[in-house]
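File shown: final-v6.txt. Contents: compact mmCIF, C-alpha atoms and all ligand atoms.
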```txt
# COMPACT_ATOMS: atom_id res chain seq x y z
CA MET A 1128 0.00 0.00 0.00
CA SER A 1129 1.18 3.51 -0.73
CA PHE A 1130 0.82 6.78 1.17
CA GLN A 1131 -1.93 7.78 -1.32
CA LYS A 1132 -4.40 5.60 0.56
CA PHE A 1133 -4.29 7.85 3.62
CA GLU A 1134 -5.89 10.66 1.59
CA LEU A 1135 -3.31 13.13 2.79
CA HIS A 1136 -3.17 16.56 1.18
CA GLU A 1137 -1.15 16.62 -2.05
CA LYS A 1138 1.31 19.10 -0.48
CA ILE A 1139 2.00 16.65 2.33
CA LEU A 1140 2.42 13.77 -0.12
CA THR A 1141 5.00 15.86 -1.95
CA GLY A 1142 6.99 16.13 1.31
CA VAL A 1143 6.74 12.34 1.74
CA ARG A 1144 7.97 11.76 -1.80
CA MET A 1145 10.83 14.21 -1.39
CA LEU A 1146 12.06 12.21 1.60
CA GLY A 1147 12.01 9.11 -0.58
CA TYR A 1148 9.44 7.20 1.48
CA GLN A 1149 7.89 4.67 -0.89
CA LYS A 1150 5.49 2.84 1.37
CA PRO A 1151 4.36 3.27 4.95
CA THR A 1152 6.13 1.38 7.72
CA PRO A 1153 3.99 -0.92 9.91
CA ILE A 1154 3.53 1.72 12.60
CA GLN A 1155 2.47 4.25 9.98
CA LEU A 1156 -0.04 1.77 8.55
CA GLN A 1157 -1.56 1.16 11.96
CA ALA A 1158 -1.38 4.63 13.47
CA ILE A 1159 -2.16 7.09 10.68
CA PRO A 1160 -5.81 6.09 10.01
CA PRO A 1161 -7.05 6.28 13.65
CA VAL A 1162 -5.02 9.41 14.36
CA MET A 1163 -6.53 11.07 11.28
CA GLU A 1164 -9.96 10.17 12.68
CA GLY A 1165 -9.06 12.10 15.81
CA ARG A 1166 -8.65 9.08 18.13
CA ASP A 1167 -6.25 9.06 21.08
CA LEU A 1168 -3.48 6.55 20.65
CA MET A 1169 -1.03 4.63 22.77
CA GLY A 1170 1.83 3.33 20.66
CA LEU A 1171 4.24 0.80 22.07
CA ALA A 1172 6.92 1.23 19.49
CA GLN A 1173 10.65 0.90 19.50
CA THR A 1174 12.90 3.51 18.00
CA GLY A 1175 13.61 3.52 14.28
CA THR A 1176 10.19 2.26 13.24
CA GLY A 1177 9.06 5.45 11.52
CA LYS A 1178 6.92 6.65 14.41
CA THR A 1179 7.73 10.34 13.89
CA ALA A 1180 6.03 10.43 10.50
CA ALA A 1181 3.21 8.33 11.99
CA PHE A 1182 2.19 11.29 14.12
CA VAL A 1183 3.57 14.19 12.07
CA LEU A 1184 1.62 13.36 8.89
CA PRO A 1185 -1.85 13.38 10.53
CA ILE A 1186 -0.90 16.53 12.45
CA LEU A 1187 0.06 18.32 9.23
CA GLN A 1188 -3.20 17.21 7.63
CA ARG A 1189 -5.30 18.42 10.55
CA LEU A 1190 -3.51 21.75 10.87
CA MET A 1191 -3.73 22.55 7.15
CA GLU A 1192 -7.49 22.46 7.36
CA LYS A 1193 -7.84 25.57 9.55
CA PRO A 1194 -6.42 29.13 9.60
CA LEU A 1195 -2.79 29.48 10.69
CA GLY A 1196 -1.19 31.61 13.38
CA ARG A 1197 -1.71 29.74 16.65
CA ILE A 1198 0.07 26.85 18.34
CA ARG A 1199 -2.22 23.91 17.68
CA ALA A 1200 0.07 20.92 18.07
CA LEU A 1201 2.56 20.24 20.85
CA ILE A 1202 5.09 17.43 20.83
CA ILE A 1203 6.97 16.80 24.06
CA ALA A 1204 10.18 14.78 23.98
CA PRO A 1205 12.84 13.93 26.57
CA THR A 1206 15.97 15.21 24.81
CA ARG A 1207 17.03 18.25 22.85
CA GLU A 1208 18.24 16.07 20.02
CA LEU A 1209 14.89 14.36 19.70
CA SER A 1210 13.03 17.70 19.82
CA GLU A 1211 15.31 19.08 17.15
CA GLN A 1212 14.98 15.99 15.02
CA THR A 1213 11.19 15.99 15.19
CA ASN A 1214 11.22 19.67 14.30
CA GLU A 1215 13.36 18.86 11.28
CA ALA A 1216 11.02 16.02 10.24
CA ILE A 1217 8.09 18.44 10.43
CA GLY A 1218 10.03 20.92 8.30
CA GLN A 1219 10.80 18.25 5.71
CA LEU A 1220 7.44 16.51 5.55
CA GLY A 1221 5.59 19.82 5.69
CA ARG A 1222 7.90 21.76 3.41
CA LYS A 1223 5.15 22.45 0.86
CA THR A 1224 2.60 23.38 3.49
CA LYS A 1225 2.66 26.81 5.07
CA LEU A 1226 2.80 25.32 8.55
CA ARG A 1227 5.60 26.51 10.80
CA SER A 1228 7.24 24.69 13.66
CA ALA A 1229 9.77 25.52 16.35
CA ALA A 1230 11.95 23.44 18.65
CA ILE A 1231 12.00 24.56 22.27
CA TYR A 1232 14.68 23.20 24.60
CA GLY A 1233 17.17 24.35 27.20
CA GLY A 1234 20.87 25.05 26.84
CA VAL A 1235 20.33 27.76 24.21
CA SER A 1236 19.16 31.40 24.42
CA ILE A 1237 15.58 31.71 25.60
CA HIS A 1238 15.29 35.15 23.93
CA ASN A 1239 15.72 33.75 20.44
CA GLN A 1240 12.98 31.27 21.25
CA ILE A 1241 10.72 34.04 22.53
CA ASN A 1242 11.22 35.92 19.25
CA ARG A 1243 10.51 32.75 17.30
CA LEU A 1244 7.29 32.22 19.26
CA ARG A 1245 6.21 35.82 18.58
CA GLY A 1246 6.59 35.12 14.88
CA ASN A 1247 3.64 32.69 14.97
CA VAL A 1248 4.14 28.98 14.76
CA GLU A 1249 1.59 26.20 14.59
CA ILE A 1250 3.65 23.26 15.89
CA ILE A 1251 6.00 23.11 18.86
CA SER A 1252 8.47 20.32 19.49
CA ALA A 1253 9.68 20.81 23.05
CA CYS A 1254 11.54 19.41 26.02
CA PRO A 1255 9.60 19.69 29.28
CA GLY A 1256 11.95 21.94 31.32
CA ARG A 1257 12.29 24.83 28.88
CA LEU A 1258 8.65 24.58 27.89
CA LEU A 1259 7.63 25.06 31.54
CA ASP A 1260 9.98 28.03 31.68
CA HIS A 1261 8.11 29.64 28.76
CA ILE A 1262 4.77 28.83 30.36
CA GLU A 1263 5.85 30.47 33.62
CA ARG A 1264 7.16 33.56 31.81
CA GLY A 1265 3.95 33.80 29.81
CA THR A 1266 5.89 33.67 26.55
CA ILE A 1267 3.94 30.79 25.04
CA ASP A 1268 0.20 30.35 24.54
CA LEU A 1269 -0.87 26.73 24.62
CA SER A 1270 -4.59 27.41 24.99
CA HIS A 1271 -5.34 26.45 21.38
CA VAL A 1272 -3.49 23.14 21.33
CA GLU A 1273 -5.60 20.47 19.64
CA VAL A 1274 -3.04 17.65 19.53
CA LEU A 1275 -0.56 16.64 22.21
CA VAL A 1276 2.13 14.05 21.48
CA LEU A 1277 4.24 12.55 24.26
CA ASP A 1278 7.17 10.92 22.56
CA GLU A 1279 9.48 8.40 24.24
CA ALA A 1280 7.42 8.63 27.41
CA ASP A 1281 9.46 5.92 29.15
CA HIS A 1282 12.60 7.96 28.72
CA MET A 1283 10.76 10.99 30.09
CA PHE A 1284 10.00 8.89 33.12
CA ASP A 1285 13.66 7.74 33.40
CA MET A 1286 14.78 11.34 33.37
CA GLY A 1287 12.28 12.38 36.03
CA PHE A 1288 10.23 14.55 33.66
CA LEU A 1289 6.78 13.07 34.33
CA PRO A 1290 5.89 15.65 37.04
CA ASP A 1291 6.80 18.44 34.58
CA VAL A 1292 4.69 16.79 31.90
CA ARG A 1293 1.70 16.70 34.25
CA LYS A 1294 2.19 20.42 35.01
CA ILE A 1295 2.37 21.27 31.31
CA VAL A 1296 -0.78 19.31 30.53
CA LYS A 1297 -2.73 21.53 32.97
CA HIS A 1298 -2.09 24.44 30.59
CA LEU A 1299 -3.64 22.66 27.60
CA PRO A 1300 -7.32 22.53 26.65
CA GLN A 1301 -9.03 19.44 28.05
CA LYS A 1302 -10.64 18.78 24.73
CA ARG A 1303 -7.77 17.62 22.61
CA GLN A 1304 -6.29 14.58 20.93
CA THR A 1305 -3.46 12.90 22.85
CA LEU A 1306 -0.93 10.46 21.43
CA LEU A 1307 1.60 8.69 23.62
CA PHE A 1308 4.57 6.73 22.29
CA SER A 1309 6.88 4.64 24.37
CA ALA A 1310 9.29 1.78 23.68
CA THR A 1311 8.45 0.18 27.01
CA MET A 1312 5.57 0.60 29.40
CA PRO A 1313 6.69 1.00 33.02
CA ASP A 1314 3.85 1.43 35.56
CA ASP A 1315 4.27 5.20 35.86
CA VAL A 1316 3.98 5.65 32.13
CA ARG A 1317 0.93 3.40 32.02
CA SER A 1318 -0.73 5.43 34.76
CA LEU A 1319 0.10 8.68 32.93
CA ALA A 1320 -1.47 7.19 29.82
CA MET A 1321 -4.58 6.19 31.75
CA ASP A 1322 -4.93 9.75 33.09
CA LEU A 1323 -4.34 11.51 29.79
CA LEU A 1324 -5.76 9.28 27.07
CA GLN A 1325 -9.43 8.74 26.37
CA SER A 1326 -10.46 5.39 24.87
CA PRO A 1327 -7.15 5.14 23.05
CA VAL A 1328 -6.37 2.89 20.14
CA ASN A 1329 -3.51 0.66 21.28
CA ILE A 1330 -0.86 -0.33 18.83
CA GLN A 1331 2.25 -2.34 19.40
CA ILE A 1332 5.07 -2.58 16.92
CA GLY A 1333 7.92 -5.01 17.31
CA HIS A 1334 7.24 -5.42 21.04
CA THR A 1335 10.04 -4.10 23.17
CA ALA A 1336 12.81 -6.15 21.63
CA PRO A 1337 15.55 -4.34 19.77
CA VAL A 1338 14.97 -4.07 16.07
CA MET A 1339 15.20 -7.46 14.48
CA THR A 1340 17.07 -6.22 11.46
CA VAL A 1341 20.09 -6.05 13.75
CA GLU A 1342 22.66 -8.81 14.35
CA HIS A 1343 23.78 -8.87 17.96
CA ARG A 1344 27.24 -10.06 19.06
CA PHE A 1345 28.63 -10.23 22.58
CA TYR A 1346 32.36 -10.13 23.19
CA PRO A 1347 33.45 -11.42 26.61
CA VAL A 1348 36.36 -9.18 27.57
CA GLN A 1349 38.23 -7.75 30.51
CA MET A 1350 37.83 -4.09 31.28
CA GLY A 1351 41.50 -3.25 30.56
CA ILE A 1352 41.41 -4.95 27.15
CA LYS A 1353 38.32 -3.17 25.82
CA THR A 1354 40.15 -0.41 23.95
CA ALA A 1355 42.48 -2.86 22.21
CA LEU A 1356 39.47 -5.00 21.26
CA LEU A 1357 37.62 -1.98 19.94
CA LYS A 1358 40.56 -0.89 17.82
CA ASP A 1359 40.90 -4.42 16.50
CA ILE A 1360 37.25 -4.58 15.52
CA LEU A 1361 37.40 -1.14 13.89
CA GLU A 1362 40.43 -2.24 11.89
CA LYS A 1363 39.05 -5.56 10.73
CA THR A 1364 35.42 -4.83 10.10
CA GLU A 1365 33.87 -3.03 7.20
CA MET A 1366 31.83 -0.30 8.80
CA GLU A 1367 30.05 2.65 7.36
CA SER A 1368 29.36 4.65 10.44
CA VAL A 1369 29.86 3.54 14.03
CA LEU A 1370 28.26 4.69 17.25
CA VAL A 1371 30.21 3.63 20.34
CA PHE A 1372 28.58 3.88 23.75
CA THR A 1373 30.40 4.42 27.03
CA ARG A 1374 28.92 4.62 30.50
CA THR A 1375 30.51 7.93 31.53
CA LYS A 1376 31.19 11.30 29.93
CA SER A 1377 34.88 11.20 30.82
CA ARG A 1378 35.25 7.78 29.22
CA ALA A 1379 33.51 8.99 26.05
CA LYS A 1380 35.94 11.88 25.86
CA SER A 1381 39.11 9.90 26.56
CA LEU A 1382 38.15 6.98 24.30
CA ALA A 1383 37.47 9.40 21.43
CA MET A 1384 40.90 10.95 22.01
CA GLN A 1385 42.59 7.54 21.91
CA LEU A 1386 40.82 6.59 18.69
CA ASP A 1387 41.71 9.96 17.21
CA ARG A 1388 45.37 9.31 18.02
CA SER A 1389 45.06 5.98 16.19
CA GLY A 1390 44.01 7.85 13.06
CA HIS A 1391 40.23 7.42 13.18
CA LYS A 1392 37.81 10.18 12.20
CA VAL A 1393 36.06 10.35 15.53
CA ILE A 1394 34.02 12.76 17.64
CA SER A 1395 32.48 12.45 21.09
CA LEU A 1396 28.99 13.42 22.23
CA HIS A 1397 28.13 13.75 25.89
CA GLY A 1398 26.30 15.94 28.35
CA ASN A 1399 29.25 18.21 29.17
CA LEU A 1400 29.21 19.76 25.71
CA THR A 1401 27.35 22.99 24.95
CA GLN A 1402 24.31 22.66 22.74
CA GLN A 1403 26.27 24.18 19.87
CA LYS A 1404 29.07 21.64 20.23
CA ARG A 1405 26.55 18.80 20.42
CA LYS A 1406 24.94 20.01 17.23
CA GLN A 1407 28.30 20.32 15.48
CA ALA A 1408 29.22 16.80 16.57
CA LEU A 1409 25.93 15.37 15.34
CA ASP A 1410 26.05 17.26 12.05
CA GLY A 1411 29.62 16.06 11.45
CA PHE A 1412 28.61 12.48 12.18
CA ARG A 1413 25.54 12.74 9.96
CA ASP A 1414 27.38 14.17 6.98
CA GLY A 1415 30.20 11.61 7.24
CA ARG A 1416 33.03 13.91 8.38
CA TYR A 1417 33.32 11.64 11.40
CA GLU A 1418 33.00 7.89 10.93
CA ILE A 1419 32.87 7.14 14.63
CA MET A 1420 30.94 8.83 17.37
CA VAL A 1421 31.66 7.94 20.99
CA ALA A 1422 28.67 8.85 23.09
CA THR A 1423 27.00 8.44 26.44
CA ASP A 1424 23.36 7.40 26.64
CA ILE A 1425 22.30 10.95 25.96
CA ALA A 1426 22.80 10.04 22.32
CA ALA A 1427 20.83 6.82 22.49
CA ARG A 1428 17.46 8.43 22.02
CA GLY A 1429 17.61 11.42 19.81
CA ILE A 1430 20.02 10.47 17.09
CA ASP A 1431 18.60 9.60 13.73
CA VAL A 1432 21.46 8.78 11.44
CA THR A 1433 20.03 6.23 9.06
CA ARG A 1434 23.36 4.98 7.84
CA ILE A 1435 24.75 3.88 11.21
CA SER A 1436 25.99 0.40 10.35
CA HIS A 1437 27.30 -0.55 13.79
CA VAL A 1438 26.50 0.21 17.37
CA ILE A 1439 29.23 -0.86 19.77
CA ASN A 1440 28.52 -1.01 23.48
CA TYR A 1441 32.01 -0.41 24.83
CA ASP A 1442 30.30 -0.41 28.20
CA MET A 1443 27.22 -2.54 28.73
CA PRO A 1444 24.09 -0.40 29.21
CA SER A 1445 22.49 -0.54 32.63
CA THR A 1446 19.15 -2.10 31.62
CA ALA A 1447 17.63 -4.13 28.81
CA ASP A 1448 15.54 -1.08 27.87
CA ALA A 1449 18.67 1.03 27.56
CA TYR A 1450 20.09 -1.69 25.30
CA THR A 1451 16.97 -1.47 23.13
CA HIS A 1452 17.33 2.26 22.79
CA ARG A 1453 21.02 2.20 22.02
CA ILE A 1454 20.60 -0.53 19.44
CA GLY A 1455 17.66 1.37 17.96
CA ARG A 1456 20.27 3.72 16.49
CA THR A 1457 21.18 1.10 13.91
CA GLY A 1458 19.00 -1.03 11.67
CA ARG A 1459 16.66 1.95 11.34
CA ALA A 1460 13.73 1.84 8.93
CA ALA A 1461 14.41 -1.81 8.11
CA LYS A 1462 18.02 -1.27 7.11
CA THR A 1463 20.33 -3.89 8.59
CA GLY A 1464 22.91 -3.19 11.24
CA ASP A 1465 25.23 -4.85 13.71
CA ALA A 1466 25.32 -4.41 17.45
CA PHE A 1467 28.49 -5.43 19.30
CA THR A 1468 28.57 -5.46 23.07
CA PHE A 1469 31.59 -5.85 25.32
CA VAL A 1470 30.65 -8.01 28.28
CA THR A 1471 32.80 -8.08 31.40
CA GLY A 1472 32.33 -10.38 34.38
CA ASP A 1473 30.19 -7.71 36.06
CA ASP A 1474 27.73 -7.61 33.16
CA LEU A 1475 26.73 -11.25 33.08
CA ALA A 1476 23.29 -10.95 34.68
CA LEU A 1477 22.12 -8.46 32.07
CA ALA A 1478 23.90 -10.39 29.32
CA HIS A 1479 21.79 -13.44 30.20
CA SER A 1480 18.53 -11.49 30.16
CA LEU A 1481 19.44 -10.06 26.78
CA LYS A 1482 20.29 -13.52 25.48
CA ARG A 1483 16.86 -14.72 26.54
CA MET A 1484 15.25 -11.73 24.83
CA LEU A 1485 17.23 -11.96 21.59
CA GLY A 1486 17.53 -15.74 21.20
CA GLU A 1487 19.27 -16.81 18.02
CA LYS A 1488 19.81 -13.22 16.96
CA LEU A 1489 22.57 -13.04 19.55
CA GLN A 1490 25.93 -14.75 19.07
CA TYR A 1491 28.93 -14.78 21.38
CA GLN A 1492 32.09 -13.83 19.55
CA ASN A 1493 35.72 -14.58 20.32
CA VAL A 1494 38.71 -12.67 19.01
CA ALA A 1495 41.96 -14.55 19.50
CA GLY A 1496 44.14 -12.94 22.13
CA LEU A 1497 41.62 -10.29 23.07
CA THR A 1498 38.41 -11.82 24.30
CA SER A 1499 38.27 -13.96 27.40
CA GLU A 1500 37.38 -17.51 28.13
CA ILE A 1501 35.17 -17.80 31.13
CA LYS A 1502 36.80 -19.98 33.72
CA THR A 1503 35.88 -21.40 37.07
CA GLY A 1504 39.03 -22.72 38.67
CA SER A 1505 40.68 -24.82 35.98
CA SER A 1506 37.58 -25.85 34.04
CA LYS A 1507 36.27 -23.62 31.29
CA LYS A 1508 32.61 -22.76 31.46
CA SER A 1509 30.24 -21.22 29.02
CA ALA A 1510 28.51 -17.96 29.82
CA THR A 1511 25.35 -19.98 30.26
CA ASP A 1512 26.93 -22.17 32.89
CA MET A 1513 27.88 -19.10 34.81
CA LYS A 1514 24.31 -18.05 35.23
CA SER A 1515 23.92 -19.95 38.46
CA ASP A 1516 27.10 -18.78 40.15
CA ASN A 1517 28.40 -15.74 38.38
CA ARG A 1518 29.60 -14.03 41.56
CA ARG A 1519 32.32 -16.62 42.02
CA ASN A 1520 33.49 -16.33 38.45
CA SER A 1521 35.49 -13.83 36.58
CA PHE A 1522 36.67 -13.54 33.05
CA ALA A 1523 40.10 -15.03 32.76
CA ARG A 1524 42.89 -13.03 31.24
CA PRO A 1525 43.42 -13.68 27.56
CA THR A 1526 46.34 -16.02 27.22
CA GLN A 1527 47.24 -15.76 23.56
CA THR A 1528 49.44 -12.97 22.32
CA ARG A 1529 47.87 -10.88 19.71
CA ARG A 1530 49.16 -10.92 16.16
CA LYS A 1531 48.89 -7.71 14.19
CA PRO A 1532 45.77 -8.13 12.10
CA LYS A 1533 45.74 -7.67 8.39
CA GLN A 1534 43.17 -5.35 6.89
CA ARG A 1535 40.29 -7.57 5.82
CA SER A 1536 36.60 -7.75 5.64
CA PHE A 1537 34.37 -8.84 8.44
CA GLU A 1538 33.36 -11.99 6.58
CA ASN A 1539 36.94 -13.07 5.97
CA ALA A 1540 37.77 -12.33 9.54
CA ASN A 1541 34.91 -14.54 10.58
CA ARG A 1542 36.06 -17.41 8.41
CA SER A 1543 39.57 -17.44 9.77
CA SER A 1544 40.82 -16.21 13.10
CA TRP A 1545 37.59 -15.13 14.67
CA SER A 1546 36.26 -18.32 16.11
CA GLN A 1547 32.61 -17.84 16.56
CA ARG A 1548 31.21 -19.37 19.69
CA ALA A 1549 27.47 -19.46 19.86
CA GLN A 1550 26.42 -19.99 23.39
CA SER A 1551 22.84 -20.64 24.03
CA ALA A 1552 21.22 -19.47 27.19
CA ALA A 1553 18.56 -21.35 29.02
P1 LIG B 1 11.77 7.32 13.38
O1 LIG B 1 11.42 5.99 14.03
O2 LIG B 1 10.57 8.18 13.24
O3 LIG B 1 12.89 8.01 14.10
O4 LIG B 1 12.25 7.02 11.89
C1 LIG B 1 13.40 6.29 11.61
C2 LIG B 1 13.93 6.59 10.22
O5 LIG B 1 13.06 6.02 9.25
C3 LIG B 1 14.01 8.07 9.87
O6 LIG B 1 15.24 8.29 9.23
C4 LIG B 1 12.89 8.31 8.90
O7 LIG B 1 13.19 9.34 7.98
C5 LIG B 1 12.78 6.97 8.21
N1 LIG B 1 11.42 6.65 7.72
C6 LIG B 1 10.26 6.93 8.33
N2 LIG B 1 9.20 6.49 7.60
C7 LIG B 1 9.72 5.89 6.49
C8 LIG B 1 9.16 5.23 5.36
N3 LIG B 1 7.84 5.08 5.22
N4 LIG B 1 10.00 4.76 4.42
C9 LIG B 1 11.36 4.89 4.58
N5 LIG B 1 11.95 5.50 5.62
C10 LIG B 1 11.15 5.99 6.58
```
Write out the structure in this file as structure tokens.
Amino acid sequence: MSFQKFELHEKILTGVRMLGYQKPTPIQLQAIPPVMEGRDLMGLAQTGTGKTAAFVLPILQRLMEKPLGRIRALIIAPTRELSEQTNEAIGQLGRKTKLRSAAIYGGVSIHNQINRLRGNVEIISACPGRLLDHIERGTIDLSHVEVLVLDEADHMFDMGFLPDVRKIVKHLPQKRQTLLFSATMPDDVRSLAMDLLQSPVNIQIGHTAPVMTVEHRFYPVQMGIKTALLKDILEKTEMESVLVFTRTKSRAKSLAMQLDRSGHKVISLHGNLTQQKRKQALDGFRDGRYEIMVATDIAARGIDVTRISHVINYDMPSTADAYTHRIGRTGRAAKTGDAFTFVTGDDLALAHSLKRMLGEKLQYQNVAGLTSEIKTGSSKKSATDMKSDNRRNSFARPTQTRRKPKQRSFENANRSSWSQRAQSAA
């Protein structure tokens, strides 16, 4: 089926065509018709499924039908990057419409935003904190909002934004359409949905598992060997664009510096950077000036770089949900991608849960001389065996000395020295 079937305005269809979208993604197929009918919607959808267009297209259609000049749609998102990205999607999909949108988030001048708001916009894509600031200053009028979208609601909850969201909602008309999207549904998000949504249509895309177009590999490794392993993988594997995740800002910065010294085109993205620097980093990564971005989880949500071929978890994320969101940066819109995760002895519990979730999509991977065998005393054990007593175990030091690898493709590497060890979990 094509986008024609939705009976969107020709100007909106032109925007769709210009972005090269040929046919709707599953979430677009399920969400666009009820949203165009004005229904509330709860979408359980992972990242990279095309959910932005699923709500932006009906919003554009609705807003084109009435006079312009007032804020009539509000999208609330947890991160600046996501707000900015949604704003860009609105600009692209709505480029032939006369609708105007603005992104509102902290870390940049509020005065420029106030001027922008004076200039009349119809759609706002905002982060909760700065939006509340505008509400308190009286610099934004939300009394004509007809559609509210809460995007990545579970992340809003993680970041402690739900109280702010509830405050913001009090400033909106009660009669409105509300759409809530979340990759997972923790209790607090469910209760927010029950309070805000009226007889919603429920849709679920791809459950909460990371996108299935992605191949997942776990590398058992000791903490001190991670950088050598990463460099080895970067050298041996054909990669288009790589997003590397670290747990801390300082590690993101220092790892990027080490990779830079090894001759890689690399940039880091973390919360200590100014908004301008974050934008520059993202733009450089998007346009290919940097092949590698080393980021903290701040980057896991907002980034939409369709050509990311590999996500590498240098540090294991803290939860399975965080894994889903990080991995959602690759394999977007049904492109394929690879997700590599470095697993130390401390990460085994989560590694096992992920193995259960991903099943055959997840393979353990050894790299001679760099990854570790898992040992208990003298007898080697599989990661699965360790499930019952992982506190007593640790990853043994790699025993083989590492030979300098030749430049070769991932497939060749797989055939020869990379012995692939598929370990199945219970
Ligand atoms: P999202 O989940 O909204 O962040 O979208 C993920 C990526 O898929 C973005 O780069 C979109 O531009 C792209 N996308 C969205 N809808 C389609 C579609 N129908 N066909 C191809 N790509 C799409």
Ranking A:Gly1390, A:Gly1398, A:Gly1218, A:Gly1177 by minimum distance to ligand LIG 1 (chain B) and counting all atoms listed in the file, which one comes first?
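So, comparing all the options, the nearest one is A:Gly1177.
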I'd like the interatomic distance between atom CA of Arg1144 of chain A and atom CA of Glu1215 of chain A, to a tenth of an Å.
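Those two atoms sit 15.8 Å apart.
Every protein or nucleic acid residue with an atom no more than 9 Å from Thr1446 of chain A, counting only C-alpha atoms and leaving out same-chain residues fewer than 4 positions away, appears here: Tyr1450, Thr1451 and Leu1477 of chain A.
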Local residues around (-1.6, 11.8, 14.0), at most 9 Å away, using all atoms listed in the file, as an MDAnalysis selection string
chainID A and resid 1158:1168 1180:1189 1274 1276 1304 1306
Let's have the selection written as a PDB file, keeping the file's coordinate frame, with C-alpha atoms.
```pdb
ATOM      1  CA  ALA A1158      -1.380   4.630  13.470  1.00  0.00           C
ATOM      2  CA  ILE A1159      -2.160   7.090  10.680  1.00  0.00           C
ATOM      3  CA  PRO A1160      -5.810   6.090  10.010  1.00  0.00           C
ATOM      4  CA  PRO A1161      -7.050   6.280  13.650  1.00  0.00           C
ATOM      5  CA  VAL A1162      -5.020   9.410  14.360  1.00  0.00           C
ATOM      6  CA  MET A1163      -6.530  11.070  11.280  1.00  0.00           C
ATOM      7  CA  GLU A1164      -9.960  10.170  12.680  1.00  0.00           C
ATOM      8  CA  GLY A1165      -9.060  12.100  15.810  1.00  0.00           C
ATOM      9  CA  ARG A1166      -8.650   9.080  18.130  1.00  0.00           C
ATOM     10  CA  ASP A1167      -6.250   9.060  21.080  1.00  0.00           C
ATOM     11  CA  LEU A1168      -3.480   6.550  20.650  1.00  0.00           C
ATOM     12  CA  ALA A1180       6.030  10.430  10.500  1.00  0.00           C
ATOM     13  CA  ALA A1181       3.210   8.330  11.990  1.00  0.00           C
ATOM     14  CA  PHE A1182       2.190  11.290  14.120  1.00  0.00           C
ATOM     15  CA  VAL A1183       3.570  14.190  12.070  1.00  0.00           C
ATOM     16  CA  LEU A1184       1.620  13.360   8.890  1.00  0.00           C
ATOM     17  CA  PRO A1185      -1.850  13.380  10.530  1.00  0.00           C
ATOM     18  CA  ILE A1186      -0.900  16.530  12.450  1.00  0.00           C
ATOM     19  CA  LEU A1187       0.060  18.320   9.230  1.00  0.00           C
ATOM     20  CA  GLN A1188      -3.200  17.210   7.630  1.00  0.00           C
ATOM     21  CA  ARG A1189      -5.300  18.420  10.550  1.00  0.00           C
ATOM     22  CA  VAL A1274      -3.040  17.650  19.530  1.00  0.00           C
ATOM     23  CA  VAL A1276       2.130  14.050  21.480  1.00  0.00           C
ATOM     24  CA  GLN A1304      -6.290  14.580  20.930  1.00  0.00           C
ATOM     25  CA  LEU A1306      -0.930  10.460  21.430  1.00  0.00           C
TER      26      LEU A1306
END
```
With all atoms listed in the file counted, which protein, DNA or RNA residues have an atom no more than 7 Å from (30.1, -10.0, 26.9) in the file frame? Please answer as a list of chain:residue names.
A:Phe1345, A:Tyr1346, A:Pro1347, A:Val1348, A:Thr1468, A:Phe1469, A:Val1470, A:Thr1471, A:Ala1478
Could the residues in this selection be written to a file with C-alpha atoms, as a tab-separated table (two decimals), in the frame of the given file?
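Everything below was put into again-v7.tsv:
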```tsv
chain	number	residue	atom	x	y	z
A	1345	PHE	CA	28.63	-10.23	22.58
A	1346	TYR	CA	32.36	-10.13	23.19
A	1347	PRO	CA	33.45	-11.42	26.61
A	1348	VAL	CA	36.36	-9.18	27.57
A	1468	THR	CA	28.57	-5.46	23.07
A	1469	PHE	CA	31.59	-5.85	25.32
A	1470	VAL	CA	30.65	-8.01	28.28
A	1471	THR	CA	32.80	-8.08	31.40
A	1478	ALA	CA	23.90	-10.39	29.32
```
Taking into account all atoms listed in the file, which residue in the set A:Met1420, A:Phe1372, A:Thr1401, A:Glu1362 is nearest to Ser1236 of chain A?
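The answer is A:Thr1401, which sits nearest to Ser1236 of chain A.
The interatomic distance for the pair atom CA of Ala1476 of chain A and atom CA of Ser1395 of chain A works out to 28.6 Å.
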Nearest residue to ligand LIG 1 (chain B) out of A:Gln1301, A:Ser1381, A:Thr1224, A:Ser1309, using only C-alpha atoms and all ligand atoms?
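Selected residue with least distance to ligand LIG 1 (chain B): A:Ser1309.
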Exercise: Gln1349 of chain A partners within 7 Å, all atoms listed in the file, chain neighbours under 3 positions left out, as a PyMOL selection string
chain A and resi 1352-1353+1471+1499+1522
Which residue is closest to Val1393 of chain A? Choose from A:Gln1157, A:Thr1152, A:Ser1480, A:Ser1368 and count all atoms listed in the file.
A:Ser1368
Ranking A:Ile1198, A:Leu1171, A:Leu1400, A:Val1316 by minimum distance to ligand LIG 1 (chain B) and counting only C-alpha atoms and all ligand atoms, which one comes first?
A:Leu1171
Write out as AutoDock Vina command-line options an axis-aligned box for segment 1150-1153 of chain A: all of its atoms listed in the file, 6 Å added on each side, centre and edge lengths in Å with one decimal.
```
--center_x 5.1 --center_y 1.2 --center_z 5.6 --size_x 14.1 --size_y 16.2 --size_z 20.5
```
Which polymer residues have any atom within 12 Å of an atom of Asp1260 of chain A, counting all atoms listed in the file, with same-chain residues fewer than 2 positions away left out, as a ChimeraX atom specification?
/A:1231-1233,1237-1238,1240-1241,1253-1258,1262-1267,1291,1294-1295
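Considering the residues A:Lys1132, A:Arg1453, A:Lys1178, A:Arg1344 and counting only C-alpha atoms and all ligand atoms, ligand LIG 1 (chain B) has its shortest atom-to-atom contact with A:Lys1178.
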